[in-house]
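Here is work13.txt, consisting of compact mmCIF, C-alpha atoms and all ligand atoms:
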# COMPACT_ATOMS: atom_id res chain seq x y z
CA MET C 1 -27.39 3.35 -27.38
CA GLN C 2 -26.17 5.25 -24.39
CA TRP C 3 -25.54 1.87 -22.83
CA ILE C 4 -23.37 0.74 -25.75
CA ILE C 5 -21.24 3.85 -25.46
CA ARG C 6 -20.77 3.28 -21.76
CA PHE C 7 -19.96 -0.34 -22.39
CA SER C 8 -17.38 0.32 -25.09
CA GLY C 9 -15.88 2.99 -22.86
CA PHE C 10 -15.45 0.40 -20.18
CA VAL C 11 -13.94 -2.13 -22.58
CA SER C 12 -11.32 0.35 -23.75
CA ALA C 13 -10.57 1.22 -20.14
CA ALA C 14 -10.22 -2.49 -19.39
CA LEU C 15 -7.94 -2.99 -22.39
CA LEU C 16 -5.83 -0.06 -21.34
CA MET C 17 -5.55 -1.54 -17.88
CA ILE C 18 -4.46 -4.86 -19.36
CA VAL C 19 -1.90 -3.22 -21.61
CA LEU C 20 -0.53 -1.27 -18.68
CA ALA C 21 -0.49 -4.22 -16.30
CA PRO C 22 3.19 -4.98 -15.79
CA SER C 23 2.46 -8.52 -14.65
CA LEU C 24 1.40 -9.38 -18.17
CA GLN C 25 4.79 -8.59 -19.54
CA SER C 26 6.49 -11.25 -17.48
CA PHE C 27 5.71 -14.10 -19.85
CA HIS C 28 8.83 -16.09 -20.62
CA PRO C 29 9.14 -18.08 -23.81
CA ALA C 30 10.79 -20.75 -21.69
CA GLU C 31 7.43 -21.39 -20.03
CA ALA C 32 6.04 -22.67 -23.29
CA ILE C 33 8.83 -25.23 -23.53
CA ARG C 34 8.67 -26.23 -19.91
CA SER C 35 4.95 -26.98 -20.19
CA HIS C 36 5.80 -30.30 -21.85
CA SER C 37 7.33 -31.63 -18.69
CA HIS C 38 3.95 -31.38 -17.04
CA SER C 39 2.04 -33.38 -19.60
CA HIS C 40 2.50 -36.62 -17.67
CA HIS C 41 0.54 -35.02 -14.84
CA TYR C 42 -2.42 -34.73 -17.12
CA TYR C 43 -2.12 -38.31 -18.17
CA TYR C 44 -1.85 -39.45 -14.58
CA TYR C 45 -4.84 -37.41 -13.67
CA HIS C 46 -6.98 -38.66 -16.52
CA HIS C 47 -5.91 -42.19 -15.87
CA HIS C 48 -7.09 -42.13 -12.28
CA GLN C 49 -10.23 -40.08 -12.81
CA ILE C 50 -11.44 -41.99 -15.78
CA THR C 51 -15.05 -42.14 -14.58
CA ARG C 52 -15.28 -38.41 -14.28
CA ASN C 53 -14.94 -36.16 -17.28
CA ILE C 54 -12.04 -34.03 -16.05
CA PRO C 55 -11.98 -30.84 -18.05
CA SER C 56 -8.74 -29.60 -19.48
CA TYR C 57 -7.28 -26.15 -18.98
CA ARG C 58 -4.65 -24.20 -20.80
CA ARG C 59 -1.56 -23.37 -18.84
CA ALA C 60 -1.50 -19.72 -17.76
CA SER C 61 1.70 -17.76 -18.13
CA THR C 62 3.78 -17.28 -15.00
CA PHE C 63 3.07 -14.03 -13.25
CA ARG C 64 5.99 -12.37 -11.52
CA ASN C 65 6.34 -9.66 -8.93
CA THR C 66 7.19 -6.15 -10.02
CA VAL C 67 9.34 -3.82 -7.93
CA GLY C 68 8.12 -2.71 -4.51
CA CYS C 69 6.58 -5.99 -3.39
CA LYS C 70 7.07 -7.18 0.18
CA PRO C 71 9.98 -9.62 0.18
CA ILE C 72 8.91 -13.19 0.78
CA THR C 73 10.98 -14.58 3.62
CA GLY C 74 11.92 -18.24 3.66
CA SER C 75 10.19 -20.48 1.19
CA GLY C 76 6.99 -18.46 1.11
CA ASP C 77 5.13 -21.04 3.13
CA VAL C 78 1.58 -20.40 4.28
CA CYS C 79 2.61 -18.62 7.51
CA ASP C 80 4.82 -16.04 5.80
CA PRO C 81 3.64 -12.59 6.95
CA SER C 82 4.16 -11.01 3.51
CA LEU C 83 1.39 -13.07 1.92
CA VAL C 84 -2.04 -12.02 0.75
CA HIS C 85 -4.51 -14.85 1.44
CA VAL C 86 -7.38 -15.61 -0.90
CA ALA C 87 -9.90 -18.42 -0.37
CA LEU C 88 -12.13 -19.95 -3.04
CA THR C 89 -14.02 -23.18 -3.44
CA LEU C 90 -13.31 -25.59 -6.28
CA ASP C 91 -16.05 -27.87 -7.51
CA PHE C 92 -16.88 -29.38 -10.86
CA GLU C 93 -19.86 -27.19 -11.59
CA TYR C 94 -17.98 -23.93 -11.05
CA LEU C 95 -14.43 -25.05 -11.78
CA ARG C 96 -14.17 -23.03 -14.97
CA GLY C 97 -15.26 -19.97 -13.04
CA SER C 98 -12.79 -20.55 -10.19
CA ILE C 99 -9.91 -20.98 -12.62
CA ALA C 100 -10.87 -17.75 -14.41
CA ALA C 101 -11.11 -15.95 -11.06
CA VAL C 102 -7.58 -17.01 -10.06
CA HIS C 103 -6.29 -16.07 -13.51
CA SER C 104 -7.82 -12.60 -13.23
CA ILE C 105 -6.36 -12.03 -9.76
CA LEU C 106 -2.84 -12.95 -10.90
CA GLN C 107 -3.10 -10.88 -14.03
CA HIS C 108 -4.06 -7.66 -12.28
CA SER C 109 -1.83 -7.99 -9.24
CA SER C 110 1.51 -6.20 -9.14
CA CYS C 111 2.74 -8.74 -6.55
CA PRO C 112 1.25 -12.02 -7.78
CA GLU C 113 3.97 -14.09 -6.09
CA ASN C 114 2.80 -12.75 -2.72
CA ILE C 115 -0.67 -14.26 -3.14
CA PHE C 116 -1.46 -17.53 -1.41
CA PHE C 117 -4.59 -19.35 -2.50
CA HIS C 118 -6.64 -21.54 -0.21
CA PHE C 119 -8.91 -23.88 -2.16
CA LEU C 120 -11.73 -25.71 -0.43
CA VAL C 121 -12.88 -28.86 -2.18
CA SER C 122 -15.36 -31.62 -1.37
CA ASP C 123 -14.92 -33.57 -4.52
CA THR C 124 -12.01 -35.14 -6.27
CA ASN C 125 -8.61 -33.74 -5.47
CA LEU C 126 -8.06 -31.00 -8.00
CA LYS C 127 -4.53 -30.19 -6.89
CA THR C 128 -2.86 -31.49 -10.05
CA LEU C 129 -5.16 -29.51 -12.26
CA VAL C 130 -4.41 -26.30 -10.33
CA SER C 131 -0.65 -26.75 -10.44
CA SER C 132 -0.69 -27.65 -14.12
CA THR C 133 -2.77 -24.61 -14.97
CA PHE C 134 -0.88 -22.18 -12.75
CA PRO C 135 2.80 -23.05 -12.54
CA LYS C 136 4.46 -21.60 -9.41
CA LEU C 137 1.13 -20.79 -7.78
CA LYS C 138 1.30 -20.76 -3.99
CA PHE C 139 -1.72 -22.69 -2.80
CA LYS C 140 -3.10 -25.30 -0.51
CA VAL C 141 -6.10 -27.55 -1.07
CA TYR C 142 -8.32 -28.30 1.92
CA TYR C 143 -10.88 -31.04 2.01
CA PHE C 144 -14.21 -29.70 3.20
CA ASP C 145 -16.35 -32.54 4.48
CA PRO C 146 -19.93 -32.06 3.16
CA GLU C 147 -21.18 -33.91 6.24
CA ILE C 148 -20.24 -30.89 8.36
CA VAL C 149 -23.17 -28.98 6.94
CA ARG C 150 -25.43 -31.63 5.44
CA ASN C 151 -27.49 -31.93 8.61
CA LEU C 152 -27.67 -28.17 8.95
CA ILE C 153 -28.93 -27.40 5.46
CA SER C 154 -32.63 -26.89 4.97
CA THR C 155 -34.29 -26.86 1.55
CA SER C 156 -34.31 -23.46 -0.05
CA VAL C 157 -35.80 -21.91 -3.14
CA ARG C 158 -32.78 -22.55 -5.34
CA HIS C 159 -31.19 -25.94 -5.47
CA ALA C 160 -27.81 -24.44 -6.38
CA LEU C 161 -27.70 -22.68 -3.02
CA GLU C 162 -27.81 -25.99 -1.21
CA GLN C 163 -24.47 -27.37 -2.33
CA PRO C 164 -22.54 -28.08 0.88
CA LEU C 165 -19.47 -26.31 -0.50
CA ASN C 166 -21.52 -23.15 -0.66
CA TYR C 167 -21.32 -23.15 3.13
CA ALA C 168 -17.55 -23.61 3.23
CA ARG C 169 -17.14 -19.85 3.75
CA ASN C 170 -18.67 -20.32 7.22
CA TYR C 171 -15.76 -22.52 8.20
CA LEU C 172 -12.71 -20.69 6.86
CA ALA C 173 -11.56 -19.81 10.38
CA ASP C 174 -11.61 -23.48 11.33
CA VAL C 175 -10.29 -24.99 8.11
CA LEU C 176 -7.42 -22.63 7.25
CA GLU C 177 -4.06 -22.72 9.01
CA PRO C 178 -4.21 -20.96 12.41
CA CYS C 179 -1.35 -18.65 11.35
CA VAL C 180 -3.60 -17.18 8.64
CA ARG C 181 -5.19 -14.21 10.39
CA ARG C 182 -6.92 -12.52 7.47
CA VAL C 183 -8.42 -13.89 4.28
CA ILE C 184 -10.31 -12.60 1.27
CA TYR C 185 -13.18 -14.93 0.43
CA LEU C 186 -14.32 -14.90 -3.20
CA ASP C 187 -17.10 -16.69 -5.05
CA SER C 188 -16.28 -18.66 -8.18
CA ASP C 189 -18.43 -16.66 -10.59
CA LEU C 190 -16.39 -13.48 -10.63
CA VAL C 191 -13.27 -11.86 -12.04
CA VAL C 192 -11.04 -9.29 -10.36
CA VAL C 193 -9.89 -6.45 -12.62
CA ASP C 194 -7.89 -4.48 -10.05
CA ASP C 195 -4.97 -5.17 -7.73
CA ILE C 196 -6.23 -7.51 -5.01
CA THR C 197 -3.75 -5.92 -2.58
CA LYS C 198 -6.06 -2.91 -2.37
CA LEU C 199 -8.88 -5.14 -1.17
CA TRP C 200 -6.48 -6.93 1.17
CA ASN C 201 -5.51 -3.63 2.82
CA THR C 202 -9.13 -2.83 3.74
CA LYS C 203 -9.33 -1.28 7.20
CA LEU C 204 -11.69 -3.41 9.25
CA GLY C 205 -11.38 -1.40 12.47
CA GLN C 206 -13.23 -3.27 15.21
CA LYS C 207 -15.23 -5.30 12.70
CA THR C 208 -14.63 -8.95 11.91
CA ILE C 209 -15.70 -8.79 8.28
CA GLY C 210 -15.69 -6.21 5.52
CA ALA C 211 -17.92 -6.21 2.43
CA PRO C 212 -19.69 -3.74 0.15
CA GLU C 213 -23.01 -2.93 1.87
CA TYR C 214 -26.31 -2.06 0.20
CA CYS C 215 -28.37 -0.06 2.65
CA HIS C 216 -31.04 0.92 0.10
CA ALA C 217 -32.04 -2.74 -0.41
CA ASN C 218 -35.18 -3.81 1.42
CA PHE C 219 -33.72 -5.84 4.26
CA THR C 220 -37.12 -7.20 5.34
CA LYS C 221 -37.40 -9.57 2.42
CA TYR C 222 -34.40 -11.69 3.41
CA PHE C 223 -36.40 -13.14 6.30
CA THR C 224 -39.85 -14.63 6.64
CA ALA C 225 -42.84 -13.11 8.41
CA ARG C 226 -42.34 -15.80 11.01
CA PHE C 227 -38.90 -14.37 11.76
CA TRP C 228 -40.06 -10.74 12.03
CA SER C 229 -43.08 -11.59 14.18
CA ASN C 230 -41.01 -13.48 16.74
CA SER C 231 -39.18 -10.93 18.85
CA LEU C 232 -36.95 -13.68 20.18
CA TYR C 233 -35.45 -13.76 16.67
CA SER C 234 -35.92 -10.27 15.31
CA SER C 235 -34.44 -8.63 18.41
CA VAL C 236 -31.07 -9.76 17.09
CA PHE C 237 -31.17 -6.58 14.99
CA SER C 238 -32.53 -4.28 17.69
CA ASP C 239 -29.23 -2.54 18.40
CA ARG C 240 -28.01 -2.55 14.81
CA ASN C 241 -28.79 -0.84 11.55
CA PRO C 242 -28.62 -3.90 9.31
CA CYS C 243 -27.87 -3.61 5.60
CA TYR C 244 -27.77 -6.30 2.96
CA PHE C 245 -24.31 -7.39 1.80
CA ASN C 246 -23.30 -10.06 -0.68
CA THR C 247 -21.26 -12.88 0.88
CA GLY C 248 -19.45 -13.56 -2.40
CA VAL C 249 -16.77 -10.95 -1.64
CA MET C 250 -15.64 -10.62 1.96
CA VAL C 251 -12.50 -9.64 3.82
CA ILE C 252 -12.45 -11.65 7.03
CA ASP C 253 -10.40 -11.16 10.18
CA LEU C 254 -9.97 -14.83 11.02
CA ALA C 255 -8.31 -14.13 14.37
CA LYS C 256 -11.37 -12.20 15.57
CA TRP C 257 -13.70 -14.78 14.04
CA ARG C 258 -11.99 -17.53 16.02
CA LEU C 259 -11.90 -15.43 19.18
CA PHE C 260 -15.63 -14.65 19.10
CA GLY C 261 -16.69 -18.10 17.85
CA TYR C 262 -18.71 -16.88 14.88
CA THR C 263 -18.89 -20.34 13.32
CA LYS C 264 -21.01 -21.54 16.23
CA ARG C 265 -23.22 -18.45 16.00
CA ILE C 266 -23.90 -19.10 12.31
CA GLU C 267 -24.61 -22.75 13.02
CA LYS C 268 -27.05 -21.78 15.75
CA TRP C 269 -29.15 -19.86 13.22
CA MET C 270 -28.97 -22.75 10.78
CA GLU C 271 -30.34 -25.02 13.51
CA ILE C 272 -33.21 -22.60 14.13
CA GLN C 273 -33.95 -22.49 10.40
CA LYS C 274 -34.36 -26.26 10.32
CA SER C 275 -37.17 -26.25 12.84
CA ASP C 276 -38.65 -22.80 12.28
CA ARG C 277 -38.40 -21.47 8.72
CA ILE C 278 -36.99 -17.98 9.26
CA TYR C 279 -35.60 -17.37 5.74
CA GLU C 280 -35.87 -18.68 2.19
CA LEU C 281 -32.34 -18.42 0.83
CA GLY C 282 -29.30 -20.59 1.56
CA SER C 283 -26.03 -19.51 3.10
CA LEU C 284 -26.62 -15.74 3.00
CA PRO C 285 -29.21 -15.21 5.78
CA PRO C 286 -27.13 -16.69 8.63
CA PHE C 287 -24.36 -14.26 7.65
CA LEU C 288 -26.82 -11.37 7.70
CA LEU C 289 -28.11 -12.49 11.11
CA VAL C 290 -24.64 -12.54 12.62
CA PHE C 291 -22.96 -9.62 10.84
CA ALA C 292 -25.41 -7.22 9.15
CA GLY C 293 -24.96 -3.78 10.69
CA ASN C 294 -21.50 -4.79 11.92
CA VAL C 295 -19.70 -4.83 8.61
CA ALA C 296 -16.76 -2.66 7.62
CA PRO C 297 -17.83 -0.98 4.38
CA ILE C 298 -15.88 -1.64 1.17
CA ASP C 299 -16.24 0.36 -2.02
CA HIS C 300 -19.03 -0.99 -4.22
CA GLY C 301 -16.59 -1.30 -7.11
CA TRP C 302 -15.33 -4.43 -5.36
CA ASN C 303 -18.57 -6.25 -5.97
CA GLN C 304 -20.32 -5.32 -9.19
CA HIS C 305 -22.79 -8.13 -8.53
CA GLY C 306 -25.89 -9.44 -10.25
CA LEU C 307 -24.29 -9.89 -13.67
CA GLY C 308 -25.66 -13.44 -13.84
CA GLY C 309 -29.03 -11.85 -14.36
CA ASP C 310 -32.48 -12.39 -13.09
CA ASN C 311 -33.16 -15.61 -11.22
CA VAL C 312 -36.43 -16.11 -13.05
CA HIS C 313 -35.92 -14.70 -16.53
CA GLY C 314 -32.16 -14.94 -16.94
CA SER C 315 -32.13 -11.43 -18.31
CA CYS C 316 -28.89 -9.52 -18.90
CA ARG C 317 -27.76 -6.86 -16.48
CA GLU C 318 -25.72 -3.70 -16.77
CA LEU C 319 -22.92 -2.52 -14.55
CA HIS C 320 -23.83 -0.36 -11.60
CA PRO C 321 -22.53 3.19 -11.94
CA GLY C 322 -19.08 3.88 -10.52
CA PRO C 323 -15.67 2.24 -10.57
CA VAL C 324 -15.16 -1.45 -11.35
CA SER C 325 -12.63 -3.55 -9.48
CA LEU C 326 -14.52 -6.84 -9.49
CA LEU C 327 -17.24 -8.24 -11.77
CA HIS C 328 -19.56 -10.78 -10.17
CA TRP C 329 -21.97 -12.96 -12.17
CA SER C 330 -24.21 -13.67 -9.19
CA GLY C 331 -27.72 -14.71 -10.16
CA SER C 332 -28.83 -17.67 -12.20
CA GLY C 333 -26.84 -17.14 -15.42
CA LYS C 334 -23.13 -17.91 -15.67
CA PRO C 335 -20.96 -16.38 -18.39
CA TRP C 336 -19.26 -19.66 -19.42
CA LEU C 337 -22.62 -21.35 -19.99
CA ARG C 338 -23.99 -18.43 -21.97
CA LEU C 339 -20.82 -18.13 -24.06
CA ASP C 340 -20.94 -21.86 -24.82
CA SER C 341 -24.57 -21.66 -25.82
CA LYS C 342 -23.71 -18.74 -28.15
CA GLN C 343 -26.23 -16.55 -26.31
CA PRO C 344 -24.00 -14.38 -24.16
CA CYS C 345 -24.96 -11.18 -22.40
CA PRO C 346 -22.88 -8.17 -23.50
CA LEU C 347 -20.89 -8.09 -20.23
CA ASP C 348 -19.93 -11.76 -20.58
CA ALA C 349 -17.27 -10.52 -23.00
CA LEU C 350 -15.46 -9.14 -19.93
CA TRP C 351 -15.24 -12.62 -18.39
CA ALA C 352 -14.04 -14.40 -21.55
CA PRO C 353 -10.40 -13.14 -21.53
CA TYR C 354 -9.76 -14.97 -18.25
CA ASP C 355 -11.19 -18.29 -19.40
CA LEU C 356 -8.54 -21.02 -19.58
CA TYR C 357 -10.89 -23.86 -20.44
CA ARG C 358 -9.85 -25.96 -23.40
CA SER C 359 -13.04 -27.30 -24.91
CA SER C 360 -11.80 -29.78 -27.53
CA ASP C 361 -8.75 -31.61 -26.32
C1 LIG R 1 -40.00 -4.45 2.10
O1 LIG R 1 -40.40 -5.80 1.89
C2 LIG R 1 -41.47 -6.21 2.70
C3 LIG R 1 -41.65 -7.70 2.52
O2 LIG R 1 -41.49 -8.10 1.18
C4 LIG R 1 -42.73 -5.40 2.36
O3 LIG R 1 -43.80 -5.79 3.14
C5 LIG R 1 -42.41 -3.92 2.58
O4 LIG R 1 -43.49 -3.14 2.17
C6 LIG R 1 -41.14 -3.51 1.81
N1 LIG R 1 -40.78 -2.15 2.20
C7 LIG R 1 -40.48 -1.21 1.33
C8 LIG R 1 -40.09 0.11 1.89
O5 LIG R 1 -40.52 -1.37 0.12

Starting from the file, give its structure as structure tokens.
Ligand SMILES: *[C@@H]1O[C@H](CO)[C@@H](O)[C@H](O)[C@H]1NC(C)=O
Amino acid sequence: MQWIIRFSGFVSAALLMIVLAPSLQSFHPAEAIRSHSHSHHYYYYHHHQITRNIPSYRRASTFRNTVGCKPITGSGDVCDPSLVHVALTLDFEYLRGSIAAVHSILQHSSCPENIFFHFLVSDTNLKTLVSSTFPKLKFKVYYFDPEIVRNLISTSVRHALEQPLNYARNYLADVLEPCVRRVIYLDSDLVVVDDITKLWNTKLGQKTIGAPEYCHANFTKYFTARFWSNSLYSSVFSDRNPCYFNTGVMVIDLAKWRLFGYTKRIEKWMEIQKSDRIYELGSLPPFLLVFAGNVAPIDHGWNQHGLGGDNVHGSCRELHPGPVSLLHWSGSGKPWLRLDSKQPCPLDALWAPYDLYRSSD
């Protein structure tokens, strides 16, 4: 009961936020008319992707800057210094989640036109779908070759963790334009309910990455006994106080990453894992090995994780106490699947407003 009260309190707070969000008031009736001119894109797309069941998405309204945004010089190309850079992956399994994530970011940002999205894909080119769904969105699509990591991936406990694109976050510094010196990396199973500019302005100090840290979590369990018993490996943490962090929400200083060659360091641990099983999970442990204990802390409200529920039982989770800027359905359950199956968890109702998927079209 207490839970329900807390939950409804949150929903009203969320509604209030939405009502107050000035970006929502920028919808122009003209957009509805203009959407017809894009219909041939859909046809073109369907025509060429006939073997694959391309899902269809509603067109989001156009989100416009409010007063006080940094002026965008020139044409707002990727190197413009006024931009906020956000990177996500786009794949068929999580596409609905990625689209909802972008939608949520735009909706809660007071300077949505200053956001530049970097989409990493390994599959079909989804560029047309993105531009049809988000008119005027500043973005670039990068092809991430699965072969880059295929030889480096070892089998882990969860098949889903072994998708090559799951490792794309390791390569942002290499894949993104060199002029992009900072990026926010976000998973596809989350929504942002606060202004992303606040996250963007995180002070990293001397650190290369920033993320919410969880120092009460038992760090030992992320690595095998074989890892801890071999001092050659475990000494990597000897001069650090490592804490678990979730790699689904990270602010990354790409300039420092490139300078210190962190991609190679991550790959080195992945090589070790192949011959000497030092962990059980997928892309997370190499990040912990390289960065844990050297992470700039970010408020926990920026990663209310675990909402996907238990990996084994698929049970529903509650929010962690404290503020909420980002809701993350990490874990085995995804809100779109549960909503479709008519067996949602209570918090899935907070994901639904950002869903642009058109089921019967
Ligand atoms: C942490 O996890 C390890 C391995 O699962 C276990 O042996 C240890 O007792 C745990 N420590 C605490 C403080 O719970």

Contacts of ligand LIG 1 (chain R), 10 Å or closer, all atoms listed in the file, given as a VMD selection string
chain C and resid 216 to 225

Pick from C:Gln163, C:Thr62, C:Ser275, C:Ser238: nearest to Tyr94 (chain C), with all atoms listed in the file counted?
C:Gln163

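Nearest to His118 (chain C) of all the residues C:Tyr185, C:Phe134, C:Tyr262, C:Tyr279 is C:Tyr185, counting all atoms listed in the file.
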
From CA of Ala211 (chain C) to CA of Ser188 (chain C) the spacing works out at 16.4 Å

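Using all atoms listed in the file, the nearest neighbour of Gln206 (chain C) within the list C:Ala296, C:Ala173, C:Ala255, C:Ile184 is C:Ala296.
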